[in-house]
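Peer 1: Provided herewith: coords-v1.cif, mmCIF, C-alpha atoms and all ligand atoms.
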```cif
data_coords
#
loop_
_atom_site.label_atom_id
_atom_site.label_comp_id
_atom_site.auth_asym_id
_atom_site.auth_seq_id
_atom_site.Cartn_x
_atom_site.Cartn_y
_atom_site.Cartn_z
CA MET A 1 160.53 72.93 102.41
CA SER A 2 158.63 74.45 105.29
CA GLN A 3 155.41 76.25 106.00
CA LEU A 4 155.02 79.17 108.30
CA ILE A 5 151.68 80.55 109.47
CA ILE A 6 151.89 84.16 110.61
CA LEU A 7 148.98 85.48 112.63
CA GLY A 8 148.01 88.13 115.13
CA MET A 9 147.81 87.20 118.83
CA GLN A 10 145.68 90.16 119.95
CA TRP A 11 142.85 92.14 118.30
CA GLY A 12 144.67 92.76 115.01
CA ASP A 13 147.01 95.58 113.99
CA GLU A 14 149.98 93.81 115.60
CA GLY A 15 152.26 94.81 112.72
CA LYS A 16 151.99 91.54 110.82
CA GLY A 17 152.60 93.21 107.46
CA LYS A 18 156.14 94.20 108.27
CA ILE A 19 157.06 90.75 109.63
CA VAL A 20 155.45 89.02 106.64
CA ASP A 21 157.38 91.33 104.35
CA LEU A 22 160.62 90.50 106.15
CA LEU A 23 160.10 86.74 106.09
CA THR A 24 159.00 86.77 102.49
CA ASP A 25 162.72 86.79 101.70
CA PHE A 26 162.68 83.12 102.75
CA SER A 27 159.42 82.22 100.96
CA ASP A 28 158.50 81.08 97.49
CA VAL A 29 154.76 81.46 97.96
CA VAL A 30 152.77 83.84 100.19
CA ILE A 31 149.15 82.96 100.82
CA ARG A 32 146.40 85.17 102.18
CA TYR A 33 143.75 82.82 103.60
CA GLN A 34 140.96 84.79 105.31
CA GLY A 35 139.38 88.20 105.72
CA GLY A 36 139.32 90.83 103.03
CA ALA A 37 139.77 94.55 102.67
CA ASN A 38 138.97 94.98 106.37
CA ALA A 39 142.68 94.32 106.87
CA GLY A 40 145.34 96.88 106.15
CA HIS A 41 149.08 96.50 106.18
CA THR A 42 151.16 99.64 106.10
CA LEU A 43 154.64 98.86 104.91
CA VAL A 44 157.55 101.24 104.84
CA VAL A 45 160.13 100.17 102.31
CA ASP A 46 163.07 102.51 101.76
CA GLY A 47 161.04 105.33 103.26
CA GLN A 48 158.11 104.73 100.86
CA LYS A 49 154.75 103.99 102.50
CA ILE A 50 152.56 101.32 100.86
CA VAL A 51 149.17 100.28 102.25
CA LEU A 52 147.89 96.86 101.19
CA HIS A 53 144.48 95.42 102.00
CA ALA A 54 143.81 92.21 100.06
CA ILE A 55 147.03 91.59 98.16
CA PRO A 56 149.77 89.86 100.17
CA SER A 57 152.76 92.05 100.87
CA GLY A 58 154.86 89.40 99.11
CA ILE A 59 153.89 91.21 95.90
CA LEU A 60 156.69 93.69 96.62
CA HIS A 61 159.26 90.88 96.18
CA SER A 62 160.33 89.44 92.85
CA ASN A 63 160.36 85.61 92.61
CA VAL A 64 157.43 85.29 95.03
CA THR A 65 154.01 84.05 93.99
CA CYS A 66 151.13 85.57 95.95
CA VAL A 67 147.91 83.67 96.38
CA ILE A 68 144.55 85.02 97.47
CA ALA A 69 143.07 81.74 98.61
CA ASN A 70 139.52 80.43 98.99
CA GLY A 71 138.99 81.71 102.54
CA VAL A 72 139.29 85.36 101.48
CA VAL A 73 136.38 87.60 100.47
CA ILE A 74 137.32 89.86 97.56
CA ASP A 75 136.01 93.31 96.76
CA PRO A 76 136.78 93.62 93.02
CA GLU A 77 136.57 97.42 92.96
CA LEU A 78 138.99 97.83 95.87
CA LEU A 79 141.28 95.11 94.53
CA ILE A 80 141.62 96.95 91.22
CA GLY A 81 142.44 100.17 93.10
CA GLU A 82 145.11 98.32 95.04
CA LEU A 83 146.57 96.80 91.86
CA ASP A 84 146.71 100.24 90.21
CA ASN A 85 148.44 101.65 93.29
CA ILE A 86 151.07 98.90 93.31
CA GLU A 87 151.68 99.26 89.58
CA SER A 88 152.09 103.03 89.99
CA LYS A 89 155.15 102.15 92.12
CA ASN A 90 156.58 100.28 89.10
CA ILE A 91 155.86 96.84 90.53
CA SER A 92 154.45 94.53 87.90
CA VAL A 93 151.47 92.35 88.90
CA ASN A 94 150.48 89.52 86.56
CA SER A 95 149.11 85.99 86.60
CA ASN A 96 152.57 84.65 87.48
CA ASN A 97 152.93 86.58 90.71
CA LEU A 98 149.26 86.88 91.74
CA LYS A 99 146.77 84.03 91.71
CA ILE A 100 143.18 84.29 92.93
CA SER A 101 141.31 81.17 93.99
CA TYR A 102 138.25 80.16 91.96
CA ASN A 103 136.56 79.55 95.29
CA ALA A 104 137.18 82.90 96.99
CA HIS A 105 133.90 84.75 97.46
CA ILE A 106 133.10 88.15 96.01
CA ILE A 107 131.99 91.20 97.99
CA LEU A 108 129.26 93.14 96.19
CA PRO A 109 128.02 96.65 96.86
CA TYR A 110 124.95 95.20 98.60
CA HIS A 111 127.21 93.56 101.20
CA LYS A 112 128.83 96.90 102.04
CA LEU A 113 125.45 98.63 102.27
CA MET A 114 124.03 95.86 104.44
CA ASP A 115 127.06 96.16 106.76
CA LYS A 116 126.58 99.94 106.98
CA TYR A 117 122.78 99.95 107.43
CA ARG A 118 122.96 97.26 110.10
CA GLU A 119 125.56 99.17 112.06
CA GLU A 120 123.51 102.36 111.78
CA LYS A 121 120.38 100.62 113.05
CA ALA A 122 121.96 98.45 115.76
CA SER A 123 121.54 99.49 119.38
CA LYS A 124 124.70 97.47 120.20
CA LYS A 125 127.17 98.14 117.42
CA ILE A 126 130.05 95.82 116.49
CA GLY A 127 132.12 98.69 115.10
CA THR A 128 132.80 96.89 111.80
CA THR A 129 135.02 98.33 109.09
CA GLN A 130 131.87 98.50 106.88
CA LYS A 131 133.70 96.74 104.07
CA GLY A 132 130.91 94.17 103.69
CA ILE A 133 132.90 91.36 105.29
CA GLY A 134 130.18 89.92 107.56
CA PRO A 135 127.40 89.94 104.92
CA ALA A 136 129.73 88.35 102.31
CA TYR A 137 130.62 85.49 104.68
CA GLU A 138 126.92 85.16 105.54
CA ASP A 139 126.11 84.61 101.87
CA LYS A 140 128.92 82.05 101.69
CA ALA A 141 127.45 80.13 104.63
CA ALA A 142 123.93 80.55 103.25
CA ARG A 143 125.15 79.02 99.97
CA ARG A 144 124.06 81.92 97.83
CA GLY A 145 127.51 83.56 97.64
CA ILE A 146 129.15 84.42 94.33
CA ARG A 147 132.62 82.89 94.01
CA PHE A 148 135.43 84.17 91.82
CA ILE A 149 134.76 81.35 89.34
CA ASP A 150 131.11 82.48 89.10
CA PHE A 151 132.12 86.11 88.75
CA ILE A 152 134.36 85.46 85.74
CA ASP A 153 131.49 83.65 83.99
CA LYS A 154 129.33 86.59 82.86
CA GLU A 155 126.16 84.63 82.24
CA LYS A 156 126.29 82.88 85.60
CA PHE A 157 127.21 86.06 87.44
CA ASP A 158 124.37 88.09 85.90
CA GLU A 159 121.89 85.37 86.83
CA MET A 160 123.15 85.02 90.41
CA LEU A 161 123.23 88.77 90.83
CA LEU A 162 119.58 89.06 89.76
CA ARG A 163 118.54 86.43 92.30
CA ASN A 164 120.58 87.89 95.16
CA LEU A 165 119.63 91.47 94.42
CA GLU A 166 115.98 90.57 94.77
CA TYR A 167 116.66 89.58 98.38
CA TYR A 168 118.89 92.55 99.22
CA ASN A 169 116.62 95.12 97.57
CA PHE A 170 113.68 93.72 99.50
CA MET A 171 115.65 94.19 102.72
CA PHE A 172 116.89 97.68 101.80
CA LYS A 173 113.42 98.90 100.87
CA ASN A 174 111.27 97.20 103.48
CA TYR A 175 113.49 96.76 106.51
CA PHE A 176 115.92 99.68 106.30
CA ALA A 177 113.76 102.09 104.28
CA LYS A 178 116.68 102.75 101.94
CA GLN A 179 117.10 103.03 98.21
CA GLU A 180 117.27 99.87 96.13
CA LEU A 181 120.30 99.07 93.97
CA GLU A 182 120.04 99.13 90.21
CA TYR A 183 120.71 95.77 88.54
CA ASN A 184 121.95 97.18 85.21
CA LYS A 185 124.46 99.49 86.87
CA LEU A 186 125.92 96.57 88.83
CA VAL A 187 126.07 94.42 85.69
CA ASN A 188 127.98 97.16 83.85
CA ASP A 189 130.39 97.82 86.73
CA PHE A 190 131.15 94.13 87.16
CA ASP A 191 131.70 93.72 83.39
CA ILE A 192 134.54 96.21 83.76
CA TYR A 193 135.95 94.54 86.90
CA ARG A 194 135.78 91.11 85.21
CA GLU A 195 137.92 92.26 82.29
CA LYS A 196 140.58 93.56 84.68
CA LEU A 197 140.63 90.60 87.05
CA LYS A 198 139.74 87.41 85.17
CA GLY A 199 143.36 86.76 84.18
CA PHE A 200 144.26 86.17 87.85
CA ALA A 201 141.74 83.32 88.34
CA CYS A 202 143.42 80.09 89.30
CA ASP A 203 142.80 76.58 90.61
CA THR A 204 144.88 77.46 93.67
CA VAL A 205 144.26 74.06 95.27
CA SER A 206 146.23 72.33 92.48
CA PHE A 207 148.75 75.16 92.34
CA LEU A 208 149.50 74.99 96.08
CA TYR A 209 149.60 71.21 96.11
CA ASN A 210 152.12 71.23 93.23
CA GLU A 211 154.21 73.77 95.07
CA THR A 212 154.36 71.50 98.13
CA THR A 213 155.50 68.60 95.95
CA LYS A 214 158.27 70.87 94.64
CA LYS A 215 159.24 71.54 98.28
CA ARG A 216 158.63 75.29 98.12
CA SER A 217 158.64 77.46 101.25
CA MET A 218 155.18 78.76 102.01
CA LEU A 219 154.15 81.63 104.17
CA PHE A 220 150.53 81.95 105.26
CA GLU A 221 149.67 85.57 105.95
CA GLY A 222 146.91 86.01 108.51
CA ALA A 223 144.77 89.11 108.85
CA GLN A 224 143.14 90.58 112.00
CA GLY A 225 143.98 88.72 115.22
CA THR A 226 143.14 85.76 117.44
CA LEU A 227 140.64 87.64 119.61
CA LEU A 228 138.69 88.64 116.50
CA ASP A 229 138.29 85.01 115.38
CA ILE A 230 134.65 84.07 114.82
CA ASP A 231 135.03 80.92 116.95
CA CYS A 232 137.78 81.79 119.44
CA GLY A 233 137.36 85.57 119.68
CA THR A 234 135.27 87.86 121.86
CA TYR A 235 132.02 87.01 120.05
CA PRO A 236 129.96 88.85 118.79
CA TYR A 237 132.64 91.58 118.69
CA VAL A 238 134.67 89.67 116.13
CA THR A 239 135.20 89.51 112.42
CA SER A 240 133.45 86.83 110.37
CA SER A 241 136.36 84.53 109.54
CA ASN A 242 138.78 82.19 111.34
CA THR A 243 141.81 84.31 112.06
CA THR A 244 143.48 81.52 114.07
CA SER A 245 145.87 78.91 112.67
CA GLY A 246 143.11 76.48 111.65
CA GLY A 247 141.88 79.16 109.26
CA ALA A 248 145.14 78.87 107.31
CA ILE A 249 144.35 75.24 106.54
CA THR A 250 140.70 75.57 105.57
CA GLY A 251 141.19 79.01 104.03
CA SER A 252 143.81 77.73 101.60
CA SER A 253 142.55 74.14 101.20
CA ILE A 254 145.95 72.75 101.98
CA GLY A 255 146.43 69.75 104.23
CA LEU A 256 148.01 69.99 107.66
CA ARG A 257 151.73 69.15 107.42
CA LYS A 258 154.18 68.28 110.12
CA ASP A 259 156.77 70.86 109.06
CA THR A 260 154.45 73.79 109.79
CA SER A 261 155.41 76.45 112.34
CA VAL A 262 153.15 79.13 113.74
CA LEU A 263 154.62 82.56 114.35
CA GLY A 264 152.43 84.70 116.62
CA ILE A 265 152.77 88.45 116.23
CA MET A 266 152.16 90.53 119.34
CA LYS A 267 152.54 94.21 119.96
CA ALA A 268 154.52 95.26 123.06
CA TYR A 269 151.18 96.63 124.37
CA THR A 270 147.59 96.00 123.27
CA THR A 271 145.25 97.80 120.88
CA ARG A 272 141.73 97.25 119.69
CA VAL A 273 139.46 98.99 117.19
CA GLY A 274 135.73 98.57 117.26
CA GLU A 275 133.54 97.65 120.19
CA GLY A 276 133.88 94.82 122.70
CA PRO A 277 135.59 93.95 125.96
CA PHE A 278 139.17 95.06 126.56
CA PRO A 279 140.30 94.18 130.11
CA THR A 280 143.60 96.11 130.14
CA GLU A 281 142.29 99.23 128.36
CA LEU A 282 143.92 102.52 129.36
CA ASN A 283 141.41 105.34 129.36
CA ASN A 284 143.94 107.89 130.53
CA GLU A 285 146.91 110.08 129.63
CA ILE A 286 149.24 107.09 129.25
CA GLY A 287 146.89 105.53 126.70
CA LEU A 288 146.78 108.80 124.74
CA LYS A 289 150.58 109.09 124.86
CA ILE A 290 151.05 105.55 123.52
CA ARG A 291 148.46 106.18 120.79
CA GLU A 292 150.30 109.26 119.57
CA GLU A 293 153.78 107.77 119.87
CA GLY A 294 152.76 104.53 118.12
CA PHE A 295 150.49 106.34 115.63
CA GLU A 296 147.67 103.99 116.54
CA TYR A 297 145.10 104.85 113.89
CA GLY A 298 143.55 102.19 111.62
CA SER A 299 145.12 101.78 108.17
CA THR A 300 141.71 100.80 106.73
CA THR A 301 139.31 103.18 108.47
CA GLY A 302 141.60 105.77 110.10
CA ARG A 303 139.82 105.18 113.43
CA ALA A 304 141.77 105.87 116.63
CA ARG A 305 142.69 102.55 118.23
CA ARG A 306 141.91 101.82 121.87
CA ILE A 307 145.09 101.27 123.87
CA GLY A 308 145.90 98.95 126.79
CA TRP A 309 148.70 97.21 128.66
CA LEU A 310 149.93 93.79 127.68
CA ASP A 311 147.50 91.08 128.78
CA MET A 312 149.18 87.77 129.61
CA VAL A 313 145.88 85.99 130.19
CA ALA A 314 144.71 86.75 126.65
CA LEU A 315 148.15 86.05 125.17
CA LYS A 316 148.39 82.63 126.84
CA TYR A 317 144.99 81.88 125.33
CA ALA A 318 146.33 82.88 121.89
CA ILE A 319 149.27 80.50 122.33
CA LYS A 320 146.84 77.68 123.18
CA VAL A 321 144.31 78.12 120.39
CA ASN A 322 146.90 78.61 117.65
CA GLY A 323 149.67 76.22 118.68
CA ILE A 324 152.15 79.11 118.45
CA THR A 325 155.77 77.94 118.16
CA SER A 326 157.48 81.34 118.39
CA ILE A 327 156.74 85.05 118.62
CA ALA A 328 157.54 88.30 116.87
CA LEU A 329 157.29 91.24 119.29
CA THR A 330 156.46 94.51 117.53
CA LYS A 331 156.47 98.22 118.35
CA LEU A 332 158.80 97.86 121.30
CA ASP A 333 160.19 101.31 120.37
CA THR A 334 156.81 102.91 121.15
CA LEU A 335 157.26 102.09 124.84
CA SER A 336 160.59 103.95 125.01
CA ILE A 337 158.65 107.06 126.15
CA LEU A 338 157.33 105.47 129.34
CA ASP A 339 158.79 105.63 132.87
CA GLU A 340 156.98 102.46 133.87
CA ILE A 341 155.28 99.66 131.97
CA ASN A 342 152.60 97.33 133.32
CA ILE A 343 151.90 93.73 132.40
CA CYS A 344 148.61 92.12 133.39
CA THR A 345 149.44 88.74 134.92
CA ASN A 346 145.97 87.58 135.93
CA TYR A 347 142.34 88.58 136.19
CA ILE A 348 140.20 88.72 139.32
CA PHE A 349 136.62 87.62 138.84
CA ASN A 350 134.15 87.33 141.75
CA GLY A 351 137.06 87.76 144.17
CA GLU A 352 138.97 84.81 142.65
CA LYS A 353 142.29 85.05 140.79
CA THR A 354 142.34 83.45 137.35
CA THR A 355 144.84 83.09 134.53
CA ASN A 356 142.25 81.44 132.32
CA PHE A 357 140.78 83.52 129.50
CA ILE A 358 137.07 82.78 129.80
CA ASN A 359 135.65 83.80 126.47
CA ASN A 360 132.45 85.28 127.75
CA ASN A 361 131.87 89.00 127.46
CA SER A 362 129.84 89.30 130.62
CA ILE A 363 132.88 87.92 132.48
CA LEU A 364 135.48 89.89 130.52
CA GLU A 365 133.56 93.12 131.13
CA ASN A 366 133.46 92.48 134.88
CA ILE A 367 136.94 91.36 135.76
CA THR A 368 139.72 93.45 137.24
CA CYS A 369 143.31 93.04 136.18
CA GLU A 370 146.35 92.51 138.40
CA TYR A 371 149.55 94.02 137.09
CA GLN A 372 153.29 93.74 137.58
CA THR A 373 155.18 96.98 137.00
CA TYR A 374 158.48 97.18 135.12
CA SER A 375 160.82 100.17 134.76
CA GLY A 376 161.03 101.70 131.31
CA TRP A 377 164.31 102.29 129.41
CA LYS A 378 163.64 105.86 128.23
CA VAL A 379 166.13 105.87 125.34
CA PRO A 380 165.47 105.46 121.62
CA ILE A 381 166.07 101.89 120.42
CA ASN A 382 165.33 102.21 116.67
CA ASN A 383 168.98 101.86 115.67
CA ILE A 384 169.67 98.76 117.73
CA ARG A 385 170.11 95.58 115.69
CA SER A 386 171.03 92.94 118.28
CA PHE A 387 169.28 91.76 121.43
CA GLU A 388 172.46 92.18 123.50
CA ASP A 389 172.66 95.90 122.62
CA LEU A 390 169.16 96.69 123.91
CA PRO A 391 168.91 98.64 127.19
CA LEU A 392 168.80 96.35 130.24
CA ASN A 393 165.17 97.15 131.06
CA ALA A 394 164.05 96.44 127.50
CA LYS A 395 165.82 93.05 127.66
CA LYS A 396 164.12 92.36 131.00
CA TYR A 397 160.71 93.21 129.49
CA ILE A 398 161.30 90.82 126.58
CA GLU A 399 162.60 88.02 128.80
CA THR A 400 159.62 88.43 131.14
CA ILE A 401 157.23 87.98 128.22
CA GLU A 402 159.11 84.89 127.02
CA THR A 403 159.06 83.36 130.50
CA MET A 404 155.40 84.14 131.13
CA LEU A 405 154.32 82.77 127.75
CA GLU A 406 156.81 79.90 127.75
CA THR A 407 157.47 80.67 124.08
CA PRO A 408 160.61 82.10 122.47
CA ILE A 409 160.63 85.55 120.90
CA ASP A 410 162.38 85.16 117.54
CA ILE A 411 161.94 88.68 116.18
CA ILE A 412 161.82 92.11 117.80
CA SER A 413 160.63 95.10 115.82
CA VAL A 414 162.08 98.44 116.94
CA GLY A 415 160.62 100.71 114.26
CA PRO A 416 158.37 100.70 111.19
CA ASP A 417 161.08 100.24 108.56
CA ARG A 418 162.12 96.77 107.39
CA LYS A 419 165.65 97.56 108.64
CA GLU A 420 164.47 98.38 112.17
CA THR A 421 164.36 94.76 113.27
CA ILE A 422 166.26 92.38 115.52
CA LEU A 423 166.20 88.84 114.12
CA LYS A 424 167.17 86.49 116.96
CA ASN A 425 166.12 83.33 115.15
CA ASN A 426 164.63 82.58 111.77
CA PRO A 427 161.20 81.05 112.50
CA PHE A 428 161.21 79.12 109.19
CA ILE A 429 162.25 75.59 110.16
P1 LIG B 1 134.59 93.52 110.18
O1 LIG B 1 135.73 92.57 109.99
O2 LIG B 1 134.68 94.72 109.27
O3 LIG B 1 133.27 92.84 110.10
O4 LIG B 1 134.70 94.13 111.66
C1 LIG B 1 134.47 93.33 112.82
C2 LIG B 1 135.41 93.72 113.93
O5 LIG B 1 136.76 93.39 113.57
C3 LIG B 1 135.45 95.22 114.25
O6 LIG B 1 135.70 95.39 115.63
C4 LIG B 1 136.63 95.72 113.47
O7 LIG B 1 137.18 96.90 114.00
C5 LIG B 1 137.59 94.55 113.64
N1 LIG B 1 138.55 94.44 112.56
C6 LIG B 1 138.36 94.00 111.30
N2 LIG B 1 139.50 94.04 110.60
C7 LIG B 1 140.45 94.49 111.44
C8 LIG B 1 141.86 94.69 111.30
O8 LIG B 1 142.48 94.46 110.25
N3 LIG B 1 142.50 95.17 112.41
C9 LIG B 1 141.85 95.39 113.58
N4 LIG B 1 140.55 95.20 113.75
C10 LIG B 1 139.85 94.74 112.69
#
```
Translate this file's structure into structure tokens.
Peer 2:
Amino acid sequence: MSQLIILGMQWGDEGKGKIVDLLTDFSDVVIRYQGGANAGHTLVVDGQKIVLHAIPSGILHSNVTCVIANGVVIDPELLIGELDNIESKNISVNSNNLKISYNAHIILPYHKLMDKYREEKASKKIGTTQKGIGPAYEDKAARRGIRFIDFIDKEKFDEMLLRNLEYYNFMFKNYFAKQELEYNKLVNDFDIYREKLKGFACDTVSFLYNETTKKRSMLFEGAQGTLLDIDCGTYPYVTSSNTTSGGAITGSSIGLRKDTSVLGIMKAYTTRVGEGPFPTELNNEIGLKIREEGFEYGSTTGRARRIGWLDMVALKYAIKVNGITSIALTKLDTLSILDEINICTNYIFNGEKTTNFINNNSILENITCEYQTYSGWKVPINNIRSFEDLPLNAKKYIETIETMLETPIDIISVGPDRKETILKNNPFI
């Protein structure tokens, strides 16, 4: 039995979905432990594109149980849409292959509106996905949140909704000068959602514990990335959950075990959506070229992603805060168009060189980056399936990253399809 935590090392969108999908072949259980529909995994399986937001991509595999654990915030309306979409591809979803934690919190329409109105009013915007993530986690911390177990109990839900709506409607009317939400409409909508979703409710703590006693392989599927973590990320330009490896433990209520590995996913360059510091950002033709070649547009919001060179200072920080044991390098094929590729090796702040990622925006916004330049390989690599067959300069680029990060690269992704992958080592121990 082993446990593998898969998480993003940058600002999200590292291509985790594909790697999770690939490694699900070695897993019995796949667990989503934080975030919500702000995430989006686009998977290409046999040429068919599937976008998943809350449901783990393990759902596409038979014999895998998917768990939406307590650390996730669930939007029932969007979840039902996602279930319908999966089922339209002839994949059956039932209480055997999808289990939702009693303790996961529910996103309500007032959370999404609060997220939207706040962003509209803010002079310094976060650039959220407006999926209600922040306000839902706020309610969780404020101890007025509605959990899945409360949602499936109609009487309790209706009562909690009435109490919470009083607060939100007060804010909408008096602070934002917006329309109030209608209680009866929400009650009716959630009656429908309850009927569709209640069968998935599960005591996932007992389920997961029993699975560990049966020595099942478990894969923990992270969403977003290290630098969006509420504690370790570029606060306040972060999401509202723990995207780092500790989040897998608290977000699934499973104890820390010694046979756990942490696979960090990093793109061969850097992207970011939303506001916030981005030291290696490329506001030029090269950035535009990479965006088009890598189709760097958000799978949840469609927003164009900001593009930058690889940042070793930030990546070393990701290794430290997550205890990363090995790496999957994604979208290497996107760089095949470039003559030269830069890697940021250190920052300069106040005239001093540093390789330490100081998580303070006023520093990150005022540093300059020092780069090393590498020659590109300028040939397509999508059909290559072994490290040895890669062009020399691509191998050099990979080996440089491994040396700088002092961490092995187990997997190299050379295209969006599941097949377009070089598996050097299986990170499941
Ligand atoms: P929120 O998670 O919607 O509150 O957004 C907070 C910040 O996290 C914004 O900068 C978003 O663009 C970013 N973010 C949230 N989810 C993702 C993701 O899945 N990929 C990349 N960025 C994300």
Peer 1: Write as a VMD selection string the residues around ligand LIG 1 (chain B), taking 9 Å as the cut-off and counting all atoms listed in the file.
Peer 2: chain A and resid 11 to 14 35 to 41 53 115 126 to 135 223 to 225 228 to 229 236 to 241 271 to 276 298 to 301 303 305
Peer 1: Could you list, with a cut-off of 12 Å and counting all atoms listed in the file, the residues of range 127-184 of chain A near range 59-77 of chain A, each shown with its nearest atom pair and the distance in Å rounded to one decimal, rows sorted by chain and ascending number, as JSON lines?
Peer 2:
```
{"residue": "A:Lys131", "atom": "CA", "partner": "A:Asp75", "partner_atom": "CA", "distance": 8.4}
{"residue": "A:Gly132", "atom": "CA", "partner": "A:Asp75", "partner_atom": "CA", "distance": 8.6}
{"residue": "A:Ile133", "atom": "CA", "partner": "A:Val73", "partner_atom": "CA", "distance": 7.0}
{"residue": "A:Gly134", "atom": "CA", "partner": "A:Val73", "partner_atom": "CA", "distance": 9.7}
{"residue": "A:Pro135", "atom": "CA", "partner": "A:Val73", "partner_atom": "CA", "distance": 10.3}
{"residue": "A:Ala136", "atom": "CA", "partner": "A:Val73", "partner_atom": "CA", "distance": 6.9}
{"residue": "A:Tyr137", "atom": "CA", "partner": "A:Val73", "partner_atom": "CA", "distance": 7.4}
{"residue": "A:Glu138", "atom": "CA", "partner": "A:Val73", "partner_atom": "CA", "distance": 11.0}
{"residue": "A:Asp139", "atom": "CA", "partner": "A:Val73", "partner_atom": "CA", "distance": 10.8}
{"residue": "A:Lys140", "atom": "CA", "partner": "A:Val73", "partner_atom": "CA", "distance": 9.4}
{"residue": "A:Ala141", "atom": "CA", "partner": "A:Gly71", "partner_atom": "CA", "distance": 11.8}
{"residue": "A:Gly145", "atom": "CA", "partner": "A:Val73", "partner_atom": "CA", "distance": 10.1}
{"residue": "A:Ile146", "atom": "CA", "partner": "A:Val73", "partner_atom": "CA", "distance": 10.0}
{"residue": "A:Arg147", "atom": "CA", "partner": "A:Val73", "partner_atom": "CA", "distance": 8.8}
{"residue": "A:Phe148", "atom": "CA", "partner": "A:Ile74", "partner_atom": "CA", "distance": 8.3}
{"residue": "A:Ile149", "atom": "CA", "partner": "A:Asn70", "partner_atom": "CA", "distance": 10.8}
{"residue": "A:Phe151", "atom": "CA", "partner": "A:Pro76", "partner_atom": "CA", "distance": 9.8}
{"residue": "A:Ile152", "atom": "CA", "partner": "A:Pro76", "partner_atom": "CA", "distance": 11.2}
```
Peer 1: Give me, please, the distance in Å between CA of Gln3 in chain A and CA of Ser95 in chain A, quoted to one decimal.
Peer 2: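 Distance reported for this atom pair: 22.6 Å.
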Peer 1: What does the distance from CA of Lys378 in chain A to CA of Lys49 in chain A come to in Å, to one decimal?
Peer 2: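 Rounded to one decimal, the two atoms are 27.3 Å apart.
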Peer 1: Report, in Å to a single decimal, how far apart CA of Arg306 in chain A and CA of Leu108 in chain A are.
Peer 2: 29.9 Å
Peer 1: Considering all atoms listed in the file, return as JSON, numbers by chain whatever protein or nucleic-acid residues lie within 10 Å of Leu364 in chain A, sequence-local ones (same chain, fewer than 2 positions apart) excluded.
Peer 2: {"A": [234, 276, 277, 278, 279, 347, 349, 357, 358, 359, 360, 361, 362, 366, 367, 368]}
Peer 1: Go through A:Ile50, A:Val29, A:Ile230, A:Met171 and flag the residue nearest Ile91 in chain A, using all atoms listed in the file for the distances.
Peer 2: A:Ile50
Peer 1: Give as an MDAnalysis selection string each residue that has an atom at most 10 Å from (153.0, 102.2, 119.0) in the file, counting all atoms listed in the file.
Peer 2: chainID A and resid 14:15 267:271 289:297 307 330:336 415:416
Peer 1: From the set A:Ala394, A:Val313, A:Ile412, A:Met218, which residue has the shortest atom-to-atom contact distance to Gly376 in chain A, counting only C-alpha atoms?
Peer 2: A:Ala394
Peer 1: Between A:Val414, A:Glu352, A:Gly233, A:Gly247, which is the closest to Met9 in chain A once you count all atoms listed in the file?
Peer 2: A:Gly233
Peer 1: From the options A:Gly302, A:Gly58, A:Gly8, A:Gly264, which residue's atoms come nearest to Asp410 in chain A, counting all atoms listed in the file?
Peer 2: A:Gly264
Peer 1: Which residue, A:Ala248, A:Ile192, A:Ile19, A:Leu78, has the smallest gap to Ile31 in chain A when you use all atoms listed in the file?
Peer 2: A:Ala248
Peer 1: When you count only C-alpha atoms, which of these residues is closest to Asn426 in chain A: A:Ser253, A:Asn103, A:Asn169, A:Ser261?
Peer 2: A:Ser261
Peer 1: As a PyMOL selection string, please: the residues near range 395-407 of chain A (cut-off 9 Å, all atoms listed in the file, same-chain neighbours under 4 positions excluded).
Peer 2: chain A and resi 268+312+315-316+319+324-327+329+341+343+345+374-376+387-391+412
Peer 1: Quick one: residues within 12 Å of Asp153 in chain A, all atoms listed in the file, excluding same-chain residues fewer than 6 positions away - as number ranges by chain?
Peer 2: A: 102, 146-147, 159-161, 190-191, 194-195, 197-198, 201
